$ cat my_file-v8.cif   # mmCIF, C-alpha atoms and all ligand atoms
data_final
loop_
_atom_site.label_atom_id
_atom_site.label_comp_id
_atom_site.auth_asym_id
_atom_site.auth_seq_id
_atom_site.Cartn_x
_atom_site.Cartn_y
_atom_site.Cartn_z
CA MET A 1172 0.00 0.00 0.00
CA ASN A 1173 1.55 3.27 -1.11
CA LEU A 1174 0.61 5.82 1.51
CA LEU A 1175 2.50 8.71 -0.02
CA ASN A 1176 0.47 11.78 -0.79
CA VAL A 1177 -2.31 11.14 1.68
CA GLU A 1178 -2.88 14.81 2.34
CA PHE A 1179 -5.61 14.62 5.00
CA ALA A 1180 -6.22 12.86 8.30
CA VAL A 1181 -9.13 12.75 10.68
CA ILE A 1182 -8.37 11.85 14.27
CA GLY A 1183 -11.73 10.54 15.35
CA GLY A 1184 -13.06 11.09 18.84
CA SER A 1185 -16.28 10.48 20.68
CA GLY A 1186 -18.23 12.62 18.20
CA THR A 1187 -17.92 10.11 15.37
CA LEU A 1188 -17.13 6.87 17.21
CA SER A 1189 -20.64 5.43 17.06
CA SER A 1190 -21.00 5.95 13.31
CA ASP A 1191 -18.09 3.93 11.86
CA PHE A 1192 -16.59 7.08 10.35
CA PRO A 1193 -16.96 7.96 7.53
CA LEU A 1194 -19.66 5.41 6.68
CA GLY A 1195 -22.28 6.92 8.98
CA ALA A 1196 -22.40 9.99 6.74
CA GLU A 1197 -23.72 7.81 3.87
CA ALA A 1198 -21.90 9.93 1.30
CA GLU A 1199 -21.83 8.69 -2.29
CA ASP A 1200 -18.36 10.03 -3.03
CA VAL A 1201 -16.73 8.16 -0.12
CA LYS A 1202 -14.87 4.93 -0.81
CA ILE A 1203 -13.06 2.78 1.74
CA LEU A 1204 -9.65 1.96 0.26
CA ALA A 1205 -8.15 -0.08 3.09
CA ASP A 1206 -8.94 -1.03 6.65
CA ASP A 1207 -6.95 -2.17 9.68
CA LEU A 1208 -3.71 -0.58 8.52
CA GLU A 1209 -1.16 -0.88 11.31
CA PHE A 1210 2.34 0.56 11.26
CA GLU A 1211 5.44 -0.47 13.17
CA THR A 1212 6.67 2.73 14.81
CA PRO A 1213 9.58 3.46 17.17
CA TYR A 1214 6.90 3.83 19.85
CA GLY A 1215 5.17 0.48 19.27
CA LEU A 1216 2.57 -0.79 16.85
CA SER A 1217 0.19 1.94 15.77
CA PRO A 1218 -3.56 1.79 16.22
CA ALA A 1219 -5.55 0.58 13.22
CA PHE A 1220 -6.08 3.19 10.52
CA ARG A 1221 -8.68 3.31 7.77
CA LEU A 1222 -7.76 4.82 4.41
CA PHE A 1223 -10.64 6.25 2.42
CA SER A 1224 -11.26 8.69 -0.37
CA VAL A 1225 -13.77 11.52 -0.51
CA GLY A 1226 -13.95 12.80 -4.07
CA ASP A 1227 -10.34 12.90 -5.26
CA LYS A 1228 -8.85 13.32 -1.78
CA GLN A 1229 -7.39 10.52 0.31
CA VAL A 1230 -7.83 10.52 4.06
CA LEU A 1231 -6.35 8.44 6.87
CA THR A 1232 -8.44 8.07 9.99
CA CYS A 1233 -8.22 6.33 13.34
CA LYS A 1234 -10.69 5.94 16.16
CA MET A 1235 -10.71 7.62 19.56
CA HIS A 1236 -7.39 9.44 19.12
CA GLY A 1237 -5.60 6.08 18.90
CA TRP A 1238 -6.26 5.40 22.59
CA ARG A 1239 -6.63 1.76 23.54
CA SER A 1240 -6.10 -0.62 26.45
CA GLY A 1241 -2.55 -1.47 27.38
CA VAL A 1242 -0.98 1.54 25.61
CA ASN A 1243 -0.48 4.82 27.42
CA ARG A 1244 -1.95 7.85 25.71
CA ALA A 1245 1.42 9.50 25.13
CA ASP A 1246 2.65 6.50 23.15
CA ALA A 1247 -0.67 6.20 21.33
CA SER A 1248 -0.37 9.80 20.16
CA ARG A 1249 3.26 9.34 19.09
CA GLN A 1250 2.30 6.24 17.10
CA VAL A 1251 -0.51 8.13 15.37
CA PHE A 1252 1.60 11.13 14.40
CA TRP A 1253 4.59 9.04 13.36
CA ALA A 1254 2.29 7.20 10.96
CA LEU A 1255 0.68 10.41 9.68
CA ARG A 1256 4.11 11.89 8.99
CA GLU A 1257 5.20 8.77 7.07
CA ALA A 1258 2.03 9.04 5.00
CA GLY A 1259 2.76 12.67 4.14
CA VAL A 1260 -0.33 14.08 5.88
CA LYS A 1261 -0.47 17.89 5.84
CA GLN A 1262 -3.91 18.73 7.25
CA ILE A 1263 -5.43 17.08 10.33
CA ILE A 1264 -8.94 17.47 11.70
CA SER A 1265 -9.61 16.22 15.21
CA GLU A 1266 -12.95 16.04 16.96
CA GLY A 1267 -14.48 15.09 20.26
CA GLY A 1268 -17.02 15.71 22.94
CA VAL A 1269 -16.05 18.21 25.65
CA GLY A 1270 -17.31 19.55 28.95
CA SER A 1271 -18.22 23.20 29.47
CA VAL A 1272 -16.18 25.54 31.64
CA ASN A 1273 -17.68 28.82 30.41
CA HIS A 1274 -21.12 29.09 32.01
CA LEU A 1275 -22.60 30.52 28.79
CA LEU A 1276 -22.24 27.18 27.05
CA ASP A 1277 -24.80 24.39 26.87
CA PRO A 1278 -24.73 20.81 25.64
CA ARG A 1279 -24.97 20.67 21.82
CA ASP A 1280 -23.00 23.88 21.29
CA PHE A 1281 -20.14 23.53 18.81
CA ILE A 1282 -16.76 25.13 19.49
CA ILE A 1283 -13.89 25.54 17.06
CA PRO A 1284 -11.12 26.53 19.50
CA ASN A 1285 -8.41 29.03 18.67
CA ASP A 1286 -6.17 28.28 21.64
CA TYR A 1287 -5.55 25.76 24.39
CA LEU A 1288 -4.29 25.40 27.93
CA ASP A 1289 -2.38 22.21 28.65
CA LEU A 1290 -3.15 21.08 32.19
CA SER A 1291 -2.10 17.52 31.50
CA VAL A 1292 1.09 16.19 33.02
CA ARG A 1293 2.13 14.51 29.76
CA LYS A 1294 4.65 17.25 29.04
CA ASP A 1295 7.43 15.37 27.29
CA VAL A 1296 5.57 13.93 24.34
CA GLY A 1297 7.37 14.58 21.08
CA LEU A 1298 8.93 12.69 18.22
CA GLU A 1299 12.63 13.39 17.62
CA GLY A 1300 12.57 16.96 18.89
CA LYS A 1301 14.35 18.43 15.87
CA TYR A 1302 12.26 21.58 15.90
CA LEU A 1303 11.48 24.59 18.01
CA LEU A 1304 7.70 24.66 17.96
CA VAL A 1305 6.07 28.09 18.12
CA MET A 1306 2.57 27.61 19.50
CA ARG A 1307 1.14 30.91 18.27
CA ASP A 1308 -1.91 30.22 16.05
CA ALA A 1309 -1.55 26.55 16.94
CA LEU A 1310 -5.01 25.83 15.55
CA CYS A 1311 -4.76 26.53 11.81
CA PRO A 1312 -6.75 29.70 11.00
CA GLU A 1313 -7.59 28.53 7.49
CA MET A 1314 -8.87 25.14 8.62
CA ARG A 1315 -10.88 26.79 11.41
CA ARG A 1316 -12.52 29.12 8.92
CA THR A 1317 -13.49 26.20 6.69
CA LEU A 1318 -14.77 24.17 9.65
CA LEU A 1319 -16.93 27.11 10.70
CA ASP A 1320 -18.42 27.54 7.23
CA THR A 1321 -19.24 23.86 6.80
CA THR A 1322 -20.61 23.45 10.33
CA LYS A 1323 -23.05 26.30 9.63
CA GLN A 1324 -24.35 24.39 6.61
CA HIS A 1325 -25.26 21.36 8.70
CA PHE A 1326 -26.25 22.72 12.09
CA ASP A 1327 -28.85 25.29 13.18
CA GLY A 1328 -27.67 25.59 16.79
CA ARG A 1329 -24.89 27.68 18.29
CA ILE A 1330 -21.42 27.50 16.82
CA PHE A 1331 -18.58 29.38 18.49
CA SER A 1332 -15.72 30.35 16.20
CA ARG A 1333 -13.19 30.65 19.02
CA GLY A 1334 -12.54 29.44 22.53
CA VAL A 1335 -9.87 28.00 24.78
CA TYR A 1336 -9.70 24.23 25.23
CA ALA A 1337 -8.24 23.11 28.59
CA VAL A 1338 -6.63 19.68 28.43
CA THR A 1339 -6.63 17.25 31.36
CA ASP A 1340 -5.21 13.75 31.52
CA GLY A 1341 -8.40 11.83 32.21
CA ARG A 1342 -9.67 9.23 31.97
CA HIS A 1343 -11.99 10.47 34.67
CA PHE A 1344 -13.82 13.77 34.33
CA GLU A 1345 -12.76 16.81 36.37
CA SER A 1346 -13.63 17.66 39.96
CA PRO A 1347 -15.65 20.79 40.82
CA ALA A 1348 -12.49 22.39 42.23
CA GLU A 1349 -10.58 21.72 39.02
CA ILE A 1350 -13.34 23.23 36.90
CA SER A 1351 -13.49 26.20 39.25
CA MET A 1352 -9.75 26.77 38.79
CA MET A 1353 -10.17 26.79 35.00
CA ARG A 1354 -12.97 29.36 34.98
CA GLY A 1355 -11.86 32.57 33.36
CA HIS A 1356 -8.99 30.79 31.67
CA ALA A 1357 -10.72 28.25 29.45
CA ASP A 1358 -14.13 27.72 27.83
CA ILE A 1359 -14.21 23.95 27.42
CA VAL A 1360 -12.37 20.98 28.88
CA GLY A 1361 -11.34 17.72 27.26
CA GLN A 1362 -8.53 15.20 27.08
CA SER A 1363 -7.31 15.06 23.51
CA MET A 1364 -6.03 18.36 22.12
CA CYS A 1365 -2.67 17.89 23.80
CA PRO A 1366 -0.34 16.38 22.78
CA GLU A 1367 -2.01 16.29 19.32
CA VAL A 1368 -1.56 20.00 18.69
CA TYR A 1369 2.18 19.87 19.47
CA LEU A 1370 2.74 16.73 17.44
CA ALA A 1371 0.91 18.17 14.44
CA ARG A 1372 3.25 21.15 14.45
CA GLU A 1373 6.25 18.85 14.85
CA ILE A 1374 5.32 16.88 11.72
CA GLY A 1375 4.64 20.11 9.81
CA ALA A 1376 0.90 19.58 9.47
CA CYS A 1377 -1.97 22.00 9.98
CA TYR A 1378 -4.33 21.02 12.79
CA ALA A 1379 -7.79 22.15 13.86
CA GLY A 1380 -10.64 20.63 15.78
CA LEU A 1381 -14.40 20.59 16.04
CA TYR A 1382 -15.74 20.00 19.54
CA PHE A 1383 -19.30 19.38 20.67
CA VAL A 1384 -20.29 20.23 24.24
CA VAL A 1385 -21.72 17.02 25.71
CA ASN A 1386 -21.86 17.93 29.41
CA TYR A 1387 -21.61 20.83 31.82
CA GLY A 1388 -18.37 20.90 33.78
CA GLU A 1389 -18.88 19.99 37.45
CA GLY A 1390 -20.29 22.98 39.28
CA ILE A 1391 -21.23 24.79 36.06
CA VAL A 1392 -24.94 25.64 35.56
CA LYS A 1393 -26.32 22.30 36.76
CA ASP A 1394 -25.50 18.62 37.13
CA TRP A 1395 -25.08 17.07 33.70
CA SER A 1396 -27.18 14.24 32.42
CA HIS A 1397 -25.80 10.88 31.39
CA GLN A 1398 -28.83 10.46 29.14
CA ASP A 1399 -27.83 13.60 27.19
CA LEU A 1400 -24.29 12.24 26.86
CA HIS A 1401 -25.69 8.95 25.57
CA ASP A 1402 -28.10 10.59 23.12
CA ILE A 1403 -25.45 12.90 21.67
CA PHE A 1404 -23.01 10.00 21.33
CA TYR A 1405 -25.44 7.97 19.22
CA ASN A 1406 -27.64 10.55 17.50
CA ASP A 1407 -25.28 13.29 16.40
CA ALA A 1408 -22.38 11.26 15.03
CA PRO A 1409 -23.63 11.15 11.40
CA MET A 1410 -23.99 14.96 11.36
CA ILE A 1411 -20.48 15.45 12.73
CA SER A 1412 -19.19 13.01 10.11
CA ARG A 1413 -20.89 14.99 7.33
CA ILE A 1414 -19.40 18.25 8.60
CA ILE A 1415 -15.91 16.78 8.58
CA LEU A 1416 -16.28 15.30 5.10
CA ASP A 1417 -17.57 18.60 3.74
CA THR A 1418 -14.63 20.36 5.35
CA ILE A 1419 -12.21 18.05 3.57
CA ARG A 1420 -14.05 18.54 0.26
CA THR A 1421 -13.65 22.30 0.68
CA LEU A 1422 -10.08 22.58 1.92
CA SER A 1423 -7.47 23.20 -0.71
CA ALA A 1424 -4.83 20.50 -0.84
CA LYS A 1425 -2.12 23.10 -0.48
CA GLY A 1426 -2.90 25.33 2.45
CA ILE A 1427 -2.52 29.10 2.26
CA CYS A 1428 -1.82 29.51 5.98
CA GLU A 1429 1.44 30.26 7.77
CA CYS A 1430 1.49 27.21 10.06
CA ASN A 1431 4.68 25.83 8.57
CA ASP A 1432 6.59 29.03 9.34
CA LEU A 1433 5.90 28.42 13.03
CA ARG A 1434 8.11 25.35 13.06
CA LYS A 1435 11.76 26.41 13.33
CA GLU A 1436 14.95 24.42 13.24
CA THR A 1437 16.15 23.83 16.77
CA LEU A 1438 19.21 25.75 17.92
CA LEU A 1439 20.10 22.84 20.18
CA LYS A 1440 21.86 20.87 17.44
CA GLY A 1441 23.84 17.90 18.64
CA ILE A 1442 21.43 17.44 21.48
CA TYR A 1443 18.18 16.91 19.64
CA ASN A 1444 19.18 17.04 15.98
CA LYS A 1445 21.27 13.90 15.63
ZN ZN A 1501 -2.36 25.85 8.65
#

$ encode --input "my_file-v8.cif" --output "structure tokens"
Amino acid sequence: MNLLNVEFAVIGGSGTLSSDFPLGAEAEDVKILADDLEFETPYGLSPAFRLFSVGDKQVLTCKMHGWRSGVNRADASRQVFWALREAGVKQIISEGGVGSVNHLLDPRDFIIPNDYLDLSVRKDVGLEGKYLLVMRDALCPEMRRTLLDTTKQHFDGRIFSRGVYAVTDGRHFESPAEISMMRGHADIVGQSMCPEVYLAREIGACYAGLYFVVNYGEGIVKDWSHQDLHDIFYNDAPMISRIILDTIRTLSAKGICECNDLRKETLLKGIYNK
């Protein structure tokens, strides 16, 4: 299987998991090209990827950020991004369900974040470390604009074009005190944007995400409902899949953003640049 020139990747999360992405979208121009692709990486065997085409574009995708039993999340992320780099991926869309921190948000609001706050303790998650990674505009402005336009075409509810995503380790949700600490600093909370956003910059790919509020953070507005979480998980996945496919159809293969200029050669040659 020649994986060169696979320009796009979708890192699936809880928003699409129940719909066998991309099949749940029932799109006529989608073809599955290969399934269960696994790659030997320096960090262990990768999660299974699916390769599919939408129109004339090829896309690699994996489920639930590559997380699985018996593999820590740092290694899972390294395996995913090592594989995406080998495949030549240049534009990555991630998605997932998140909790609210900002008390103006409700379940079933969409957020396309423009920044993040890494509260995880997985700080040393990189590949070879050859680059100095500037994390200004870490979420690609061009991809965010396209995500916003396509989400509007599929969804009548509230869509926020910016917001700060606070990242925690999980797998548990956050305590009321933790959510209280984040208030004023972040709008939503989840577990996936880091290390993905760093690793995307390290492999020279643009990265942006579409996040659906599935619960109130503890202590925000009111106690959240497991039934809502369940209903969103099963009922809204095809819509999220259609948004992502439309975004890929719309994105130009060669981005016009400046993301790549924010990856600099390290000055620490001989230490990291062997
Ligand atoms: Zn970009």

$ atom_distance --input "my_file-v8.cif" --atom1 "atom CA of Gly1361 of chain A" --atom2 "atom CA of Ala1198 of chain A"
29.1 Å

$ residues_near_ligand --input "my_file-v8.cif" --ligand "ligand ZN 1501 (chain A)" --cutoff "7 Å" --atoms "all atoms listed in the file" --output "PyMOL selection string"
chain A and resi 1311-1314+1377-1378+1426+1428-1430

$ residues_near_point --input "my_file-v8.cif" --point "(-9.2, 19.2, 24.1)" --cutoff "10 Å" --atoms "only C-alpha atoms" --output "list in words"
Ser1265, Glu1266, Gly1267, Gly1268, Val1269, Gly1270, Pro1284, Asp1286, Tyr1287, Leu1288, Asp1289, Val1335, Tyr1336, Ala1337, Val1338, Thr1339, Ile1359, Val1360, Gly1361, Gln1362, Ser1363, Met1364, Cys1365, Pro1366, Glu1367, Val1368, Gly1380, Leu1381 and Tyr1382 of chain A

$ closest_residue --input "my_file-v8.cif" --among "A:Ile1282, A:Pro1213, A:Arg1342, A:Arg1293" --to "Arg1239 of chain A" --atoms "all atoms listed in the file"
A:Arg1342

$ closest_residue --input "my_file-v8.cif" --among "A:Arg1434, A:Arg1333, A:Arg1316, A:Lys1294" --to "Asp1358 of chain A" --atoms "all atoms listed in the file"
A:Arg1333

$ atom_distance --input "my_file-v8.cif" --atom1 "atom CA of Gln1324 of chain A" --atom2 "atom CA of Ile1411 of chain A"
11.5 Å

$ closest_residue --input "my_file-v8.cif" --among "A:Gly1184, A:Pro1218, A:Gly1195, A:Gly1334" --to "Val1242 of chain A" --atoms "only C-alpha atoms"
A:Pro1218

$ atom_distance --input "my_file-v8.cif" --atom1 "atom CA of Gly1355 of chain A" --atom2 "atom CA of Asp1340 of chain A"
20.0 Å

$ closest_residue --input "my_file-v8.cif" --among "A:Ser1291, A:Ser1185, A:Asn1285, A:Ser1190" --to "Gly1237 of chain A" --atoms "only C-alpha atoms"
A:Ser1185

$ residues_around --input "my_file-v8.cif" --residues "segment 1256-1264 of chain A" --least-positions-apart "3" --cutoff "8 Å" --atoms "only C-alpha atoms" --output "list of chain:residue names"
A:Leu1174, A:Leu1175, A:Asn1176, A:Val1177, A:Glu1178, A:Phe1179, A:Ala1180, A:Val1181, A:Ile1182, A:Phe1252, A:Trp1253, A:Ala1371, A:Ile1374, A:Gly1375, A:Ala1376, A:Cys1377, A:Tyr1378, A:Ala1379, A:Gly1380, A:Leu1381, A:Ile1415

$ closest_residue --input "my_file-v8.cif" --among "A:Gly1341, A:His1401, A:Arg1329, A:Ala1219" --to "Leu1275 of chain A" --atoms "only C-alpha atoms"
A:Arg1329

$ residues_around --input "my_file-v8.cif" --residues "Lys1228 of chain A" --least-positions-apart "4" --cutoff "12 Å" --atoms "all atoms listed in the file" --output "VMD selection string"
chain A and resid 1176 to 1180 1200 to 1204 1222 to 1224 1260 1262 1416 to 1425

$ residues_around --input "my_file-v8.cif" --residues "Ile1350 of chain A" --least-positions-apart "4" --cutoff "9 Å" --atoms "only C-alpha atoms" --output "PyMOL selection string"
chain A and resi 1271-1272+1345-1346+1354+1360+1388-1391

$ closest_residue --input "my_file-v8.cif" --among "A:Lys1393, A:His1343, A:His1325, A:His1274" --to "Ala1357 of chain A" --atoms "only C-alpha atoms"
A:His1274

$ residues_near_point --input "my_file-v8.cif" --point "(-10.3, 7.6, 11.4)" --cutoff "6 Å" --atoms "all atoms listed in the file" --output "MDAnalysis selection string"
chainID A and resid 1181:1183 1221 1232:1234

$ decode --input "my_file-v8.cif" --residues "segment 1312-1398 of chain A" --atoms "C-alpha atoms" --output "mmCIF file, in the first residue's frame"
data_model
loop_
_atom_site.group_PDB
_atom_site.id
_atom_site.type_symbol
_atom_site.label_atom_id
_atom_site.label_comp_id
_atom_site.auth_asym_id
_atom_site.auth_seq_id
_atom_site.Cartn_x
_atom_site.Cartn_y
_atom_site.Cartn_z
ATOM 1 C CA PRO A 1312 -6.747 29.698 11.005
ATOM 2 C CA GLU A 1313 -7.587 28.528 7.487
ATOM 3 C CA MET A 1314 -8.871 25.140 8.619
ATOM 4 C CA ARG A 1315 -10.880 26.785 11.413
ATOM 5 C CA ARG A 1316 -12.520 29.116 8.922
ATOM 6 C CA THR A 1317 -13.487 26.201 6.694
ATOM 7 C CA LEU A 1318 -14.765 24.171 9.652
ATOM 8 C CA LEU A 1319 -16.927 27.110 10.695
ATOM 9 C CA ASP A 1320 -18.420 27.538 7.226
ATOM 10 C CA THR A 1321 -19.241 23.860 6.799
ATOM 11 C CA THR A 1322 -20.614 23.447 10.329
ATOM 12 C CA LYS A 1323 -23.048 26.297 9.629
ATOM 13 C CA GLN A 1324 -24.347 24.394 6.615
ATOM 14 C CA HIS A 1325 -25.259 21.357 8.700
ATOM 15 C CA PHE A 1326 -26.253 22.724 12.089
ATOM 16 C CA ASP A 1327 -28.847 25.289 13.184
ATOM 17 C CA GLY A 1328 -27.666 25.587 16.792
ATOM 18 C CA ARG A 1329 -24.893 27.684 18.286
ATOM 19 C CA ILE A 1330 -21.420 27.497 16.821
ATOM 20 C CA PHE A 1331 -18.577 29.378 18.486
ATOM 21 C CA SER A 1332 -15.723 30.351 16.204
ATOM 22 C CA ARG A 1333 -13.189 30.650 19.021
ATOM 23 C CA GLY A 1334 -12.541 29.440 22.535
ATOM 24 C CA VAL A 1335 -9.866 28.003 24.781
ATOM 25 C CA TYR A 1336 -9.702 24.231 25.225
ATOM 26 C CA ALA A 1337 -8.239 23.110 28.590
ATOM 27 C CA VAL A 1338 -6.633 19.682 28.428
ATOM 28 C CA THR A 1339 -6.626 17.254 31.357
ATOM 29 C CA ASP A 1340 -5.206 13.748 31.515
ATOM 30 C CA GLY A 1341 -8.401 11.830 32.205
ATOM 31 C CA ARG A 1342 -9.667 9.233 31.966
ATOM 32 C CA HIS A 1343 -11.988 10.470 34.671
ATOM 33 C CA PHE A 1344 -13.816 13.775 34.329
ATOM 34 C CA GLU A 1345 -12.756 16.812 36.372
ATOM 35 C CA SER A 1346 -13.629 17.661 39.956
ATOM 36 C CA PRO A 1347 -15.654 20.786 40.817
ATOM 37 C CA ALA A 1348 -12.494 22.391 42.233
ATOM 38 C CA GLU A 1349 -10.579 21.715 39.021
ATOM 39 C CA ILE A 1350 -13.343 23.227 36.896
ATOM 40 C CA SER A 1351 -13.490 26.201 39.255
ATOM 41 C CA MET A 1352 -9.746 26.769 38.788
ATOM 42 C CA MET A 1353 -10.172 26.792 34.996
ATOM 43 C CA ARG A 1354 -12.967 29.358 34.978
ATOM 44 C CA GLY A 1355 -11.859 32.572 33.364
ATOM 45 C CA HIS A 1356 -8.986 30.794 31.667
ATOM 46 C CA ALA A 1357 -10.723 28.250 29.452
ATOM 47 C CA ASP A 1358 -14.127 27.725 27.828
ATOM 48 C CA ILE A 1359 -14.208 23.951 27.418
ATOM 49 C CA VAL A 1360 -12.372 20.980 28.877
ATOM 50 C CA GLY A 1361 -11.335 17.724 27.255
ATOM 51 C CA GLN A 1362 -8.527 15.204 27.078
ATOM 52 C CA SER A 1363 -7.312 15.063 23.509
ATOM 53 C CA MET A 1364 -6.026 18.358 22.119
ATOM 54 C CA CYS A 1365 -2.669 17.888 23.804
ATOM 55 C CA PRO A 1366 -0.341 16.377 22.776
ATOM 56 C CA GLU A 1367 -2.007 16.295 19.324
ATOM 57 C CA VAL A 1368 -1.558 20.005 18.695
ATOM 58 C CA TYR A 1369 2.184 19.866 19.472
ATOM 59 C CA LEU A 1370 2.742 16.728 17.443
ATOM 60 C CA ALA A 1371 0.913 18.167 14.435
ATOM 61 C CA ARG A 1372 3.252 21.148 14.447
ATOM 62 C CA GLU A 1373 6.252 18.846 14.853
ATOM 63 C CA ILE A 1374 5.323 16.875 11.720
ATOM 64 C CA GLY A 1375 4.643 20.108 9.811
ATOM 65 C CA ALA A 1376 0.896 19.576 9.473
ATOM 66 C CA CYS A 1377 -1.974 22.000 9.983
ATOM 67 C CA TYR A 1378 -4.331 21.020 12.787
ATOM 68 C CA ALA A 1379 -7.789 22.155 13.860
ATOM 69 C CA GLY A 1380 -10.643 20.632 15.779
ATOM 70 C CA LEU A 1381 -14.405 20.590 16.037
ATOM 71 C CA TYR A 1382 -15.745 20.002 19.536
ATOM 72 C CA PHE A 1383 -19.300 19.384 20.671
ATOM 73 C CA VAL A 1384 -20.286 20.225 24.244
ATOM 74 C CA VAL A 1385 -21.719 17.020 25.708
ATOM 75 C CA ASN A 1386 -21.856 17.929 29.410
ATOM 76 C CA TYR A 1387 -21.606 20.834 31.824
ATOM 77 C CA GLY A 1388 -18.368 20.904 33.776
ATOM 78 C CA GLU A 1389 -18.877 19.990 37.447
ATOM 79 C CA GLY A 1390 -20.288 22.979 39.280
ATOM 80 C CA ILE A 1391 -21.232 24.794 36.060
ATOM 81 C CA VAL A 1392 -24.941 25.643 35.560
ATOM 82 C CA LYS A 1393 -26.320 22.299 36.762
ATOM 83 C CA ASP A 1394 -25.503 18.621 37.131
ATOM 84 C CA TRP A 1395 -25.083 17.071 33.700
ATOM 85 C CA SER A 1396 -27.181 14.238 32.419
ATOM 86 C CA HIS A 1397 -25.803 10.876 31.392
ATOM 87 C CA GLN A 1398 -28.830 10.460 29.135
#
